[in-house]
$ cat upload-v9.pdb   # PDB, C-alpha atoms
MODEL        1
ATOM      1  CA  MET A 728       0.000   0.000   0.000
ATOM      2  CA  ALA A 729       1.262   3.469  -0.792
ATOM      3  CA  THR A 730       2.003   5.812   2.135
ATOM      4  CA  SER A 731       2.122   9.577   2.558
ATOM      5  CA  ALA A 732       5.893   9.526   1.939
ATOM      6  CA  ASP A 733       5.610   8.341  -1.644
ATOM      7  CA  GLU A 734       2.352   9.938  -2.817
ATOM      8  CA  SER A 735       4.235  11.332  -5.789
ATOM      9  CA  LEU A 736       4.790   7.760  -6.967
ATOM     10  CA  LEU A 737       1.043   7.000  -7.125
ATOM     11  CA  PRO A 738      -0.157   5.674 -10.479
ATOM     12  CA  ARG A 739      -2.371   7.733 -12.699
ATOM     13  CA  LEU A 740      -6.146   7.816 -12.345
ATOM     14  CA  PRO A 741      -6.946   4.988 -14.808
ATOM     15  CA  LYS A 742      -4.469   2.708 -13.046
ATOM     16  CA  LEU A 743      -5.836   3.648  -9.617
ATOM     17  CA  PHE A 744      -9.364   2.812 -10.701
ATOM     18  CA  GLU A 745      -8.308  -0.456 -12.312
ATOM     19  CA  MET A 746      -6.380  -1.573  -9.219
ATOM     20  CA  SER A 747      -9.250  -0.709  -6.850
ATOM     21  CA  GLN A 748     -11.766  -2.491  -9.067
ATOM     22  CA  GLN A 749      -9.562  -5.569  -9.147
ATOM     23  CA  LEU A 750      -9.246  -5.528  -5.350
ATOM     24  CA  LEU A 751     -13.023  -5.242  -4.979
ATOM     25  CA  ASP A 752     -13.562  -8.191  -7.303
ATOM     26  CA  GLU A 753     -11.089 -10.257  -5.282
ATOM     27  CA  VAL A 754     -12.779  -9.355  -1.985
ATOM     28  CA  GLU A 755     -16.210 -10.186  -3.384
ATOM     29  CA  ALA A 756     -15.098 -13.509  -4.863
ATOM     30  CA  THR A 757     -12.873 -14.766  -2.049
ATOM     31  CA  ALA A 758     -13.904 -17.717   0.097
ATOM     32  CA  GLU A 759     -12.007 -16.429   3.136
ATOM     33  CA  PRO A 760     -13.881 -14.826   6.040
ATOM     34  CA  THR A 761     -14.342 -11.096   5.791
ATOM     35  CA  GLY A 762     -12.566 -10.609   9.095
ATOM     36  CA  SER A 763      -9.378 -12.379   7.988
ATOM     37  CA  GLN A 764      -6.157 -10.394   7.819
ATOM     38  CA  THR A 765      -5.761 -10.911   4.054
ATOM     39  CA  VAL A 766      -9.213  -9.590   3.225
ATOM     40  CA  GLN A 767      -8.927  -6.625   5.595
ATOM     41  CA  ASP A 768      -5.565  -5.654   4.067
ATOM     42  CA  LYS A 769      -7.191  -5.593   0.632
ATOM     43  CA  VAL A 770     -10.086  -3.556   2.004
ATOM     44  CA  ARG A 771      -7.772  -0.943   3.501
ATOM     45  CA  GLU A 772      -5.695  -0.776   0.318
ATOM     46  CA  GLY A 773      -8.782  -0.410  -1.836
ATOM     47  CA  LEU A 774     -10.110   2.408   0.373
ATOM     48  CA  TYR A 775      -6.772   4.189   0.150
ATOM     49  CA  LEU A 776      -6.604   3.932  -3.646
ATOM     50  CA  LEU A 777     -10.200   5.120  -4.041
ATOM     51  CA  GLU A 778      -9.594   8.039  -1.708
ATOM     52  CA  LYS A 779      -6.701   9.168  -3.890
ATOM     53  CA  ALA A 780      -8.800   8.608  -7.005
ATOM     54  CA  ALA A 781     -11.574  10.809  -5.532
ATOM     55  CA  GLU A 782      -9.032  13.558  -4.849
ATOM     56  CA  MET A 783      -7.803  13.364  -8.437
ATOM     57  CA  LEU A 784     -11.347  13.567  -9.774
ATOM     58  CA  TRP A 785     -12.003  16.639  -7.671
ATOM     59  CA  GLU A 786      -8.825  18.284  -8.946
ATOM     60  CA  LEU A 787      -9.512  17.394 -12.585
ATOM     61  CA  GLU A 788     -13.181  18.420 -12.361
ATOM     62  CA  LEU A 789     -14.265  15.709 -14.790
ATOM     63  CA  PHE A 790     -17.942  15.956 -13.840
ATOM     64  CA  SER A 791     -20.052  19.059 -13.613
ATOM     65  CA  ARG A 792     -23.712  19.753 -12.943
ATOM     66  CA  ASN A 793     -23.708  22.011 -15.993
ATOM     67  CA  GLU A 794     -23.342  19.113 -18.442
ATOM     68  CA  ASP A 795     -25.505  16.173 -19.422
ATOM     69  CA  LEU A 796     -24.651  12.500 -19.529
ATOM     70  CA  GLU A 797     -24.154  12.632 -23.296
ATOM     71  CA  GLU A 798     -21.415  15.239 -22.852
ATOM     72  CA  ILE A 799     -19.284  12.971 -20.660
ATOM     73  CA  ALA A 800     -16.655  11.014 -22.558
ATOM     74  CA  SER A 801     -17.191   7.269 -22.745
ATOM     75  CA  ALA A 802     -13.820   6.550 -21.132
ATOM     76  CA  ASP A 803     -14.701   8.802 -18.158
ATOM     77  CA  LEU A 804     -18.079   7.232 -17.333
ATOM     78  CA  LYS A 805     -16.478   4.532 -15.212
ATOM     79  CA  TYR A 806     -15.133   7.111 -12.743
ATOM     80  CA  LEU A 807     -18.686   7.811 -11.606
ATOM     81  CA  LEU A 808     -18.423   4.431  -9.817
ATOM     82  CA  VAL A 809     -15.778   5.668  -7.354
ATOM     83  CA  PRO A 810     -18.286   6.582  -4.559
ATOM     84  CA  ALA A 811     -20.079   3.239  -4.987
ATOM     85  CA  PHE A 812     -16.794   1.333  -4.729
ATOM     86  CA  ARG A 813     -15.855   3.294  -1.602
ATOM     87  CA  GLY A 814     -19.205   2.388  -0.037
ATOM     88  CA  ALA A 815     -18.716  -1.296  -0.892
ATOM     89  CA  PHE A 816     -15.221  -1.341   0.655
ATOM     90  CA  THR A 817     -16.455   0.501   3.758
ATOM     91  CA  MET A 818     -19.134  -2.136   4.293
ATOM     92  CA  LYS A 819     -16.395  -4.793   4.329
ATOM     93  CA  GLN A 820     -14.604  -3.263   7.317
ATOM     94  CA  VAL A 821     -14.833  -5.369  10.467
ATOM     95  CA  ASN A 822     -14.719  -3.489  13.755
ATOM     96  CA  PRO A 823     -17.674  -3.926  16.117
ATOM     97  CA  SER A 824     -16.849  -0.794  18.126
ATOM     98  CA  LYS A 825     -16.961   1.348  14.946
ATOM     99  CA  ARG A 826     -19.729  -0.481  13.106
ATOM    100  CA  LEU A 827     -22.208   2.384  13.300
ATOM    101  CA  HIS A 828     -19.606   4.846  12.045
ATOM    102  CA  HIS A 829     -18.729   2.571   9.118
ATOM    103  CA  LEU A 830     -22.404   2.172   8.231
ATOM    104  CA  GLU A 831     -22.930   5.930   8.191
ATOM    105  CA  GLN A 832     -19.850   6.436   6.017
ATOM    106  CA  ALA A 833     -20.931   3.749   3.572
ATOM    107  CA  ARG A 834     -24.419   5.261   3.359
ATOM    108  CA  GLU A 835     -22.932   8.656   2.519
ATOM    109  CA  HIS A 836     -20.880   7.125  -0.306
ATOM    110  CA  PHE A 837     -23.867   5.245  -1.742
ATOM    111  CA  ILE A 838     -26.111   8.316  -1.489
ATOM    112  CA  LYS A 839     -23.470  10.399  -3.262
ATOM    113  CA  TYR A 840     -23.304   7.873  -6.088
ATOM    114  CA  LEU A 841     -27.096   7.636  -6.370
ATOM    115  CA  THR A 842     -27.388  11.424  -6.389
ATOM    116  CA  GLN A 843     -24.965  11.670  -9.322
ATOM    117  CA  CYS A 844     -26.780   8.947 -11.248
ATOM    118  CA  HIS A 845     -30.133  10.547 -10.514
ATOM    119  CA  TYR A 846     -28.881  13.905 -11.777
ATOM    120  CA  TYR A 847     -27.477  12.394 -14.992
ATOM    121  CA  HIS A 848     -30.591  10.201 -15.491
ATOM    122  CA  VAL A 849     -28.583   6.995 -15.610
ATOM    123  CA  ALA A 850     -31.635   5.001 -14.481
ATOM    124  CA  GLU A 851     -35.145   5.611 -13.205
ATOM    125  CA  PHE A 852     -35.358   5.186  -9.450
ATOM    126  CA  HIS A 853     -36.510   7.016  -6.332
ATOM    127  CA  LEU A 854     -33.634   8.650  -4.509
ATOM    128  CA  PRO A 855     -33.498   7.508  -0.844
ATOM    129  CA  GLN A 856     -33.835  10.050   1.906
ATOM    130  CA  THR A 857     -30.731  11.767   3.154
ATOM    131  CA  LYS A 858     -29.494  11.317   6.697
ATOM    132  CA  ASN A 859     -31.133  14.479   8.043
ATOM    133  CA  SER A 860     -34.508  13.981   6.415
ATOM    134  CA  SER A 861     -34.614  10.312   7.411
ATOM    135  CA  ALA A 862     -33.844  11.226  11.020
ATOM    136  CA  GLU A 863     -36.622  13.816  11.086
ATOM    137  CA  ASN A 864     -39.210  11.507   9.555
ATOM    138  CA  ASN A 865     -38.131   8.342  11.371
ATOM    139  CA  ILE A 866     -40.757   8.563  14.104
ATOM    140  CA  ALA A 867     -43.594   9.476  11.768
ATOM    141  CA  ASN A 868     -42.719   6.850   9.195
ATOM    142  CA  SER A 869     -42.437   4.123  11.816
ATOM    143  CA  PHE A 870     -46.146   4.465  12.549
ATOM    144  CA  THR A 871     -47.475   5.360   9.100
ATOM    145  CA  ALA A 872     -45.474   4.277   6.073
ATOM    146  CA  SER A 873     -44.121   1.068   7.580
ATOM    147  CA  ARG A 874     -47.630  -0.065   8.402
ATOM    148  CA  ASP A 875     -49.188   1.040   5.170
ATOM    149  CA  LEU A 876     -49.990  -2.065   3.169
ATOM    150  CA  VAL A 877     -50.001  -0.134  -0.086
ATOM    151  CA  ALA A 878     -46.495   1.162   0.582
ATOM    152  CA  VAL A 879     -45.257  -2.314   1.479
ATOM    153  CA  ALA A 880     -46.743  -3.744  -1.711
ATOM    154  CA  SER A 881     -45.154  -1.005  -3.833
ATOM    155  CA  GLN A 882     -41.757  -1.586  -2.189
ATOM    156  CA  ARG A 883     -42.018  -5.288  -2.865
ATOM    157  CA  GLN A 884     -42.906  -4.633  -6.507
ATOM    158  CA  ALA A 885     -39.968  -2.246  -6.826
ATOM    159  CA  LYS A 886     -37.611  -4.904  -5.474
ATOM    160  CA  ILE A 887     -38.926  -7.426  -7.969
ATOM    161  CA  GLU A 888     -38.401  -4.969 -10.830
ATOM    162  CA  ARG A 889     -34.877  -4.210  -9.642
ATOM    163  CA  TYR A 890     -34.079  -7.906  -9.495
ATOM    164  CA  LYS A 891     -35.311  -8.434 -13.054
ATOM    165  CA  GLN A 892     -33.342  -5.428 -14.293
ATOM    166  CA  LYS A 893     -30.234  -6.669 -12.470
ATOM    167  CA  LYS A 894     -30.400 -10.048 -14.198
ATOM    168  CA  GLU A 895     -30.924  -8.435 -17.586
ATOM    169  CA  VAL A 896     -28.031  -6.017 -17.060
ATOM    170  CA  GLU A 897     -25.692  -8.804 -15.974
ATOM    171  CA  GLN A 898     -26.510 -10.804 -19.106
ATOM    172  CA  ARG A 899     -25.787  -7.824 -21.336
ATOM    173  CA  LEU A 900     -22.565  -7.099 -19.441
ATOM    174  CA  SER A 901     -21.317 -10.640 -19.872
ATOM    175  CA  ALA A 902     -21.906 -10.363 -23.621
ATOM    176  CA  LEU A 903     -19.936  -7.106 -23.891
ATOM    177  CA  ARG A 904     -17.167  -7.748 -21.364
ATOM    178  CA  SER A 905     -14.844  -9.790 -23.563
ATOM    179  CA  ALA A 906     -14.965  -7.290 -26.438
ATOM    180  CA  VAL A 907     -14.401  -4.255 -24.198
ATOM    181  CA  GLU A 908     -11.586  -5.761 -22.124
ATOM    182  CA  SER A 909      -9.784  -6.958 -25.266
ATOM    183  CA  GLY A 910     -10.006  -3.460 -26.813
ATOM    184  CA  GLN A 911     -11.894  -4.631 -29.896
ATOM    185  CA  ALA A 912     -15.157  -2.791 -29.105
ATOM    186  CA  ASP A 913     -15.973   0.544 -30.688
ATOM    187  CA  ASP A 914     -16.819   3.680 -28.746
ATOM    188  CA  GLU A 915     -20.562   3.015 -28.836
ATOM    189  CA  ARG A 916     -20.233  -0.447 -27.307
ATOM    190  CA  VAL A 917     -17.737   0.823 -24.726
ATOM    191  CA  ARG A 918     -20.206   3.512 -23.702
ATOM    192  CA  GLU A 919     -23.022   0.971 -23.452
ATOM    193  CA  TYR A 920     -20.795  -1.271 -21.339
ATOM    194  CA  TYR A 921     -20.029   1.446 -18.760
ATOM    195  CA  LEU A 922     -23.644   2.634 -18.680
ATOM    196  CA  LEU A 923     -24.711  -0.911 -17.869
ATOM    197  CA  HIS A 924     -22.152  -0.940 -15.062
ATOM    198  CA  LEU A 925     -23.619   2.286 -13.692
ATOM    199  CA  GLN A 926     -27.142   0.842 -13.821
ATOM    200  CA  ARG A 927     -26.024  -2.336 -12.094
ATOM    201  CA  TRP A 928     -24.472  -0.406  -9.238
ATOM    202  CA  VAL A 929     -27.586   1.738  -8.903
ATOM    203  CA  GLY A 930     -29.523  -1.385  -7.929
ATOM    204  CA  ILE A 931     -26.729  -2.544  -5.621
ATOM    205  CA  SER A 932     -26.562   0.842  -3.917
ATOM    206  CA  LEU A 933     -30.310   0.966  -3.335
ATOM    207  CA  GLU A 934     -30.218  -2.466  -1.704
ATOM    208  CA  GLU A 935     -27.226  -1.500   0.419
ATOM    209  CA  VAL A 936     -28.905   1.689   1.647
ATOM    210  CA  GLU A 937     -31.996  -0.269   2.727
ATOM    211  CA  SER A 938     -29.814  -2.827   4.496
ATOM    212  CA  ILE A 939     -27.809  -0.087   6.229
ATOM    213  CA  ASP A 940     -30.965   1.647   7.475
ATOM    214  CA  ARG A 941     -32.266  -1.587   9.003
ATOM    215  CA  GLU A 942     -28.937  -2.402  10.661
ATOM    216  CA  VAL A 943     -28.531   1.117  12.040
ATOM    217  CA  GLU A 944     -31.998   0.954  13.561
ATOM    218  CA  ILE A 945     -31.176  -2.370  15.234
ATOM    219  CA  LEU A 946     -27.851  -1.066  16.574
ATOM    220  CA  ARG A 947     -29.454   2.028  18.031
ATOM    221  CA  GLU A 948     -32.234   0.048  19.690
ATOM    222  CA  ARG A 949     -29.977  -2.440  21.462
ATOM    223  CA  GLY A 950     -27.156   0.046  22.196
ATOM    224  CA  LEU A 951     -23.661   0.176  20.798
ATOM    225  CA  PRO A 952     -20.819  -1.991  22.185
ATOM    226  CA  GLY A 953     -18.838  -0.198  24.857
ATOM    227  CA  GLU A 954     -21.583   2.200  25.741
ATOM    228  CA  THR A 955     -23.407   2.001  29.030
ATOM    229  CA  PRO A 956     -27.056   1.382  28.370
ATOM    230  CA  ALA A 957     -29.482   3.989  29.501
ATOM    231  CA  PRO A 958     -30.750   3.181  33.007
ATOM    232  CA  HIS A 959     -34.282   1.944  33.087
ATOM    233  CA  THR A 960     -36.375   4.257  35.189
ATOM    234  CA  ALA A 961     -38.405   2.366  37.740
ATOM    235  CA  PRO A 962     -42.146   2.806  37.358
ATOM    236  CA  GLN A 963     -43.554   5.339  39.757
ATOM    237  CA  GLU A 964     -45.485   3.807  42.597
ATOM    238  CA  ARG A 965     -49.082   4.844  42.580
ATOM    239  CA  PRO A 966     -50.801   5.665  45.841
ATOM    240  CA  PRO A 967     -53.149   2.920  47.021
ATOM    241  CA  VAL A 968     -56.642   3.369  45.699
ATOM    242  CA  ARG A 969     -59.287   3.610  48.382
ATOM    243  CA  PRO A 970     -62.068   1.091  47.682
ATOM    244  CA  PHE A 971     -65.464   2.539  47.018
ATOM    245  CA  ILE A 972     -68.975   1.195  46.402
ATOM    246  CA  LEU A 973     -71.442   2.504  43.884
ATOM    247  CA  THR A 974     -74.953   2.944  45.228
ATOM    248  CA  ARG A 975     -78.081   4.582  43.955
ATOM    249  CA  SER A 976     -78.061   7.177  46.658
ATOM    250  CA  LYS A 977     -75.968   8.305  49.571
ATOM    251  CA  ALA A 978     -78.730   7.411  52.010
ATOM    252  CA  GLN A 979     -78.839   3.851  50.750
ATOM    253  CA  ALA A 980     -75.093   3.520  51.221
ATOM    254  CA  GLU A 981     -75.313   4.803  54.771
ATOM    255  CA  VAL A 982     -78.267   2.604  55.787
ATOM    256  CA  LEU A 983     -77.696  -0.656  53.884
ATOM    257  CA  GLY A 984     -73.925  -0.512  53.769
ATOM    258  CA  ALA A 985     -72.887  -2.311  50.599
ATOM    259  CA  GLY A 986     -76.008  -1.441  48.675
ATOM    260  CA  TYR A 987     -75.779  -4.505  46.427
ATOM    261  CA  PRO A 988     -78.825  -5.302  44.273
ATOM    262  CA  SER A 989     -78.937  -8.835  45.784
ATOM    263  CA  LEU A 990     -80.076  -7.712  49.233
ATOM    264  CA  ALA A 991     -83.166  -9.474  50.587
ATOM    265  CA  THR A 992     -86.427  -7.817  49.544
ATOM    266  CA  MET A 993     -88.988 -10.342  50.963
ATOM    267  CA  THR A 994     -89.271 -13.137  53.487
ATOM    268  CA  VAL A 995     -89.603 -16.846  52.704
ATOM    269  CA  SER A 996     -93.339 -16.785  53.501
ATOM    270  CA  ASP A 997     -93.869 -13.849  51.107
ATOM    271  CA  TRP A 998     -91.973 -15.657  48.391
ATOM    272  CA  TYR A 999     -94.010 -18.858  48.932
ATOM    273  CA  GLU A1000     -97.300 -16.989  48.704
ATOM    274  CA  GLN A1001     -96.170 -15.208  45.568
ATOM    275  CA  ARG A1002     -95.092 -18.437  43.870
ATOM    276  CA  GLN A1003     -98.318 -20.138  44.900
ATOM    277  CA  GLN A1004    -100.349 -17.494  43.059
ATOM    278  CA  TYR A1005     -98.535 -17.997  39.761
ATOM    279  CA  THR A1006     -97.605 -21.700  39.933
ATOM    280  CA  ALA A1007     -99.247 -24.875  41.225
ATOM    281  CA  LEU A1008     -97.320 -25.276  44.437
ATOM    282  CA  PRO A1009     -98.898 -27.729  46.932
ATOM    283  CA  GLU A1010    -100.451 -26.316  50.045
ATOM    284  CA  GLU A1011     -99.099 -27.114  53.459
ATOM    285  CA  GLY A1012    -101.767 -29.768  54.258
ATOM    286  CA  GLN A1013    -101.389 -31.502  50.917
ATOM    287  CA  ALA A1014     -97.648 -31.628  51.328
ATOM    288  CA  LYS A1015     -98.014 -33.305  54.761
ATOM    289  CA  VAL A1016    -100.465 -35.929  53.424
ATOM    290  CA  ALA A1017     -98.165 -36.745  50.532
ATOM    291  CA  ALA A1018     -95.241 -37.087  52.900
ATOM    292  CA  ALA A1019     -97.240 -39.411  55.209
ATOM    293  CA  GLY A1020     -98.357 -41.567  52.272
ATOM    294  CA  PHE A1021     -94.808 -41.796  51.116
ATOM    295  CA  ARG A1022     -93.680 -42.949  54.535
ATOM    296  CA  SER A1023     -96.521 -45.571  54.766
ATOM    297  CA  ALA A1024     -95.778 -47.056  51.347
ATOM    298  CA  PRO A1025     -93.724 -50.276  51.387
ATOM    299  CA  PRO A1026     -90.188 -49.776  50.560
ATOM    300  CA  LEU A1027     -89.298 -50.386  46.959
ATOM    301  CA  GLN A1028     -86.308 -52.464  47.909
ATOM    302  CA  GLU A1029     -88.489 -55.052  49.707
ATOM    303  CA  GLU A1030     -90.736 -55.439  46.638
ATOM    304  CA  GLU A1031     -87.718 -55.957  44.415
ATOM    305  CA  GLU A1032     -86.356 -58.647  46.747
ATOM    306  CA  ALA A1033     -89.705 -60.533  46.751
ATOM    307  CA  VAL A1034     -89.922 -60.492  42.969
ATOM    308  CA  GLY A1035     -86.324 -61.638  42.750
ATOM    309  CA  GLU A1036     -87.010 -64.702  44.968
ATOM    310  CA  GLU A1037     -90.004 -65.774  42.827
ATOM    311  CA  ASP A1038     -87.915 -65.494  39.692
ATOM    312  CA  ASP A1039     -85.202 -67.664  41.247
ATOM    313  CA  ASP A1040     -87.675 -70.505  42.079
ATOM    314  CA  LEU A1041     -89.134 -70.474  38.557
ATOM    315  CA  THR A1042     -85.707 -70.531  36.959
ATOM    316  CA  LEU A1043     -84.613 -73.438  39.156
ATOM    317  CA  HIS A1044     -87.733 -75.475  38.240
ATOM    318  CA  ARG A1045     -87.196 -74.960  34.502
ATOM    319  CA  ALA A1046     -83.584 -75.979  34.740
ATOM    320  CA  ARG A1047     -84.451 -79.227  36.477
ATOM    321  CA  GLU A1048     -87.082 -80.089  33.849
ATOM    322  CA  ARG A1049     -84.501 -79.454  31.131
ATOM    323  CA  ASP A1050     -82.031 -81.849  32.747
ATOM    324  CA  ASP A1051     -84.665 -84.596  33.090
ATOM    325  CA  TRP A1052     -85.562 -84.288  29.375
ATOM    326  CA  LYS A1053     -81.912 -84.569  28.354
ATOM    327  CA  ASP A1054     -81.585 -87.778  30.401
ATOM    328  CA  SER A1055     -84.631 -89.317  28.667
ATOM    329  CA  ASN A1056     -83.629 -88.138  25.189
ATOM    330  CA  PRO A1057     -79.887 -88.544  24.650
ATOM    331  CA  ARG A1058     -78.280 -86.831  21.677
ATOM    332  CA  GLY A1059     -78.769 -88.620  18.356
ATOM    333  CA  CYS A1060     -81.883 -90.602  19.308
ATOM    334  CA  GLY A1061     -84.130 -89.129  16.612
ATOM    335  CA  ASN A1062     -85.674 -90.756  13.497
ATOM    336  CA  ARG A1063     -83.193 -93.431  12.414
ATOM    337  CA  GLN A1064     -85.370 -95.266   9.880
ATOM    338  CA  ASN A1065     -83.961 -93.591   6.728
ATOM    339  CA  MET A1066     -80.282 -93.897   7.609
ATOM    340  CA  GLY A1067     -79.505 -96.625   5.081
TER     341      GLY A1067
ENDMDL
END
$ encode --input "upload-v9.pdb" --output "C-alpha cells"
Amino acid sequence: MATSADESLLPRLPKLFEMSQQLLDEVEATAEPTGSQTVQDKVREGLYLLEKAAEMLWELELFSRNEDLEEIASADLKYLLVPAFRGAFTMKQVNPSKRLHHLEQAREHFIKYLTQCHYYHVAEFHLPQTKNSSAENNIANSFTASRDLVAVASQRQAKIERYKQKKEVEQRLSALRSAVESGQADDERVREYYLLHLQRWVGISLEEVESIDREVEILRERGLPGETPAPHTAPQERPPVRPFILTRSKAQAEVLGAGYPSLATMTVSDWYEQRQQYTALPEEGQAKVAAAGFRSAPPLQEEEEAVGEEDDDLTLHRARERDDWKDSNPRGCGNRQNMG
C-alpha cells in the first residue's frame, strides 16, 4: 500500500481505478472470512486507492452539474463508480466498536453515487432520503409508512423490478465484457458497457442503503458496544386506591352498607305466597299428606327382593325339567329309519 511519503509515486487515475476495481472483485469472490487479515488488508488498500482517485477527480473536475450525460466522454463514465466502490469497501470493514460509524460512512458514499446517477438520469429510481430527512421523519414513518400495506406492496414490486433489471443487465454485461476488455469494441459499445455498469451499481446501492438503514436501527435500539445502556427508570409507585362502592343514593349507602342489588327484599313466607299465586305449588296440608303416604308405602327395595325370589324358584324349576328331558332323550336318538 502506498504511504504519505511516496504519494508522488502514485499511479495515474486509470491505473488507480483499475487496481481498486480488481481488489473489490477479489474481496467479493474470495472464500475467506471477511474478518481475515488478508481480506482486511485488501479492504484498507482499496479504500486508500479510491480516496486518492476521488481527490484526483475533484482536482480534474471531470464531472459538472452544468453538463448532461451525453457530454461525458465514454472513457470517463467509469469514474462515476468511485463513490459506490468506496461504499462497498467501507461495508467490508470489520470493527464492532466502529460499526455504526462505518455504516454511516458507507451510506454517505452510496447516497453520493445515487445522487450523481439521478442527476445524470442513468436510471429511473426514487432517490433515498438523506441522513437528516430520514432522522426527522423516522418517528412518523415508523407508525405510518411502515404499516401502510399499499407502501409495502409497492416496495415489494420495486424490489422485484430491480431484481429483473439486475439479471438483464448482468446478461448484457457478460456479452460485452470480452470485447471491451480486449479493446476490440468501438466507442458506442464501450459507452453501453459502462452505462450498464452504472445501472447495475444503482440497484446494488439501493439495496445496500436499505440494508444499512435496518442495521442502524437495530444497533441504536440495542445500544452500541462499549456504551453504558441507559438506566431503566423504575415505574412510579401509585398511591393505594381507596375502595369505594357505587350505590343509587348516599342514604342507601349509609343505611344498607354495601347497597348490592342482591339484598333481601322479601321473606320466605312472602316468596311462597307469591309463587303459589302464579304456579301450582302444593299447600301445606297436601304436602303433609303426601309425605305421610310416602312414609306408609312399602319400601321399593323389599318389593324388588320378593320379585327376585319368585324369579329364582321359577328358573330353578325350569332348569331341572330341562335336565330330566336330556336324560330321557340322549343326543342322536331321533328318526333313524332312513339312515340306510
$ residues_around --input "upload-v9.pdb" --residues "Ala802 (chain A)" --least-positions-apart "2" --cutoff "9 Å" --atoms "only C-alpha atoms" --output "MDAnalysis selection string"
chainID A and resid 799:800 804:806 914 917:918 921
$ resolve_selection --input "upload-v9.pdb" --expression "the PyMOL selection byres ((chain A and resi 777) around 9)" --output "CSV table (one decimal) with C-alpha atoms, in the frame of the given file"
chain,number,residue,atom,x,y,z
A,743,LEU,CA,-5.8,3.6,-9.6
A,744,PHE,CA,-9.4,2.8,-10.7
A,747,SER,CA,-9.2,-0.7,-6.8
A,772,GLU,CA,-5.7,-0.8,0.3
A,773,GLY,CA,-8.8,-0.4,-1.8
A,774,LEU,CA,-10.1,2.4,0.4
A,775,TYR,CA,-6.8,4.2,0.2
A,776,LEU,CA,-6.6,3.9,-3.6
A,778,GLU,CA,-9.6,8.0,-1.7
A,779,LYS,CA,-6.7,9.2,-3.9
A,780,ALA,CA,-8.8,8.6,-7.0
A,781,ALA,CA,-11.6,10.8,-5.5
A,782,GLU,CA,-9.0,13.6,-4.8
A,809,VAL,CA,-15.8,5.7,-7.4
A,810,PRO,CA,-18.3,6.6,-4.6
A,812,PHE,CA,-16.8,1.3,-4.7
A,813,ARG,CA,-15.9,3.3,-1.6
$ residues_around --input "upload-v9.pdb" --residues "Arg834 (chain A)" --least-positions-apart "3" --cutoff "8 Å" --atoms "only C-alpha atoms" --output "PDB file with C-alpha atoms, in the coordinates of the input"
ATOM      1  CA  GLY A 814     -19.205   2.388  -0.037  1.00  0.00           C
ATOM      2  CA  LEU A 830     -22.404   2.172   8.231  1.00  0.00           C
ATOM      3  CA  GLU A 831     -22.930   5.930   8.191  1.00  0.00           C
ATOM      4  CA  PHE A 837     -23.867   5.245  -1.742  1.00  0.00           C
ATOM      5  CA  ILE A 838     -26.111   8.316  -1.489  1.00  0.00           C
ATOM      6  CA  GLU A 935     -27.226  -1.500   0.419  1.00  0.00           C
ATOM      7  CA  VAL A 936     -28.905   1.689   1.647  1.00  0.00           C
ATOM      8  CA  ILE A 939     -27.809  -0.087   6.229  1.00  0.00           C
TER       9      ILE A 939
END
$ atom_distance --input "upload-v9.pdb" --atom1 "CA of Glu798 (chain A)" --atom2 "CA of His845 (chain A)"
15.8 Å
$ atom_distance --input "upload-v9.pdb" --atom1 "CA of Leu933 (chain A)" --atom2 "CA of Pro823 (chain A)"
23.7 Å
$ atom_distance --input "upload-v9.pdb" --atom1 "CA of Asp795 (chain A)" --atom2 "CA of Leu925 (chain A)"
15.1 Å
$ closest_residue --input "upload-v9.pdb" --among "A:Lys891, A:Arg826, A:Asp803, A:Gln1003" --to "Gly950 (chain A)" --atoms "all atoms listed in the file"
A:Arg826
$ resolve_selection --input "upload-v9.pdb" --expression "the PyMOL selection byres ((chain A and resi 922) around 10)" --output "PDB file with C-alpha atoms, in the frame of the given file"
ATOM      1  CA  LEU A 796     -24.651  12.500 -19.529  1.00  0.00           C
ATOM      2  CA  SER A 801     -17.191   7.269 -22.745  1.00  0.00           C
ATOM      3  CA  LEU A 804     -18.079   7.232 -17.333  1.00  0.00           C
ATOM      4  CA  LYS A 805     -16.478   4.532 -15.212  1.00  0.00           C
ATOM      5  CA  VAL A 849     -28.583   6.995 -15.610  1.00  0.00           C
ATOM      6  CA  ALA A 850     -31.635   5.001 -14.481  1.00  0.00           C
ATOM      7  CA  VAL A 896     -28.031  -6.017 -17.060  1.00  0.00           C
ATOM      8  CA  LEU A 900     -22.565  -7.099 -19.441  1.00  0.00           C
ATOM      9  CA  ARG A 916     -20.233  -0.447 -27.307  1.00  0.00           C
ATOM     10  CA  VAL A 917     -17.737   0.823 -24.726  1.00  0.00           C
ATOM     11  CA  ARG A 918     -20.206   3.512 -23.702  1.00  0.00           C
ATOM     12  CA  GLU A 919     -23.022   0.971 -23.452  1.00  0.00           C
ATOM     13  CA  TYR A 920     -20.795  -1.271 -21.339  1.00  0.00           C
ATOM     14  CA  TYR A 921     -20.029   1.446 -18.760  1.00  0.00           C
ATOM     15  CA  LEU A 923     -24.711  -0.911 -17.869  1.00  0.00           C
ATOM     16  CA  HIS A 924     -22.152  -0.940 -15.062  1.00  0.00           C
ATOM     17  CA  LEU A 925     -23.619   2.286 -13.692  1.00  0.00           C
ATOM     18  CA  GLN A 926     -27.142   0.842 -13.821  1.00  0.00           C
ATOM     19  CA  ARG A 927     -26.024  -2.336 -12.094  1.00  0.00           C
ATOM     20  CA  TRP A 928     -24.472  -0.406  -9.238  1.00  0.00           C
TER      21      TRP A 928
END
$ residues_near_point --input "upload-v9.pdb" --point "(-37.9, 0.8, -4.4)" --cutoff "12 Å" --atoms "all atoms listed in the file" --output "list in words"
Glu851, Phe852, His853, Leu854, Pro855, Gln856, Ala878, Val879, Ala880, Ser881, Gln882, Arg883, Gln884, Ala885, Lys886, Ile887, Glu888, Arg889, Tyr890, Val929, Gly930, Ile931, Ser932, Leu933, Glu934, Glu935, Val936 and Glu937 of chain A
$ axis_aligned_box --input "upload-v9.pdb" --around "region 829-846 of chain A" --padding-each-side "5 Å" --output "JSON"
{"center_x": -24.4, "center_y": 8.0, "center_z": -1.3, "size_x": 21.4, "size_y": 21.7, "size_z": 30.9}
$ closest_residue --input "upload-v9.pdb" --among "A:Glu1000, A:Asp768, A:Glu948, A:Asp1039" --to "Gln820 (chain A)" --atoms "all atoms listed in the file"
A:Asp768
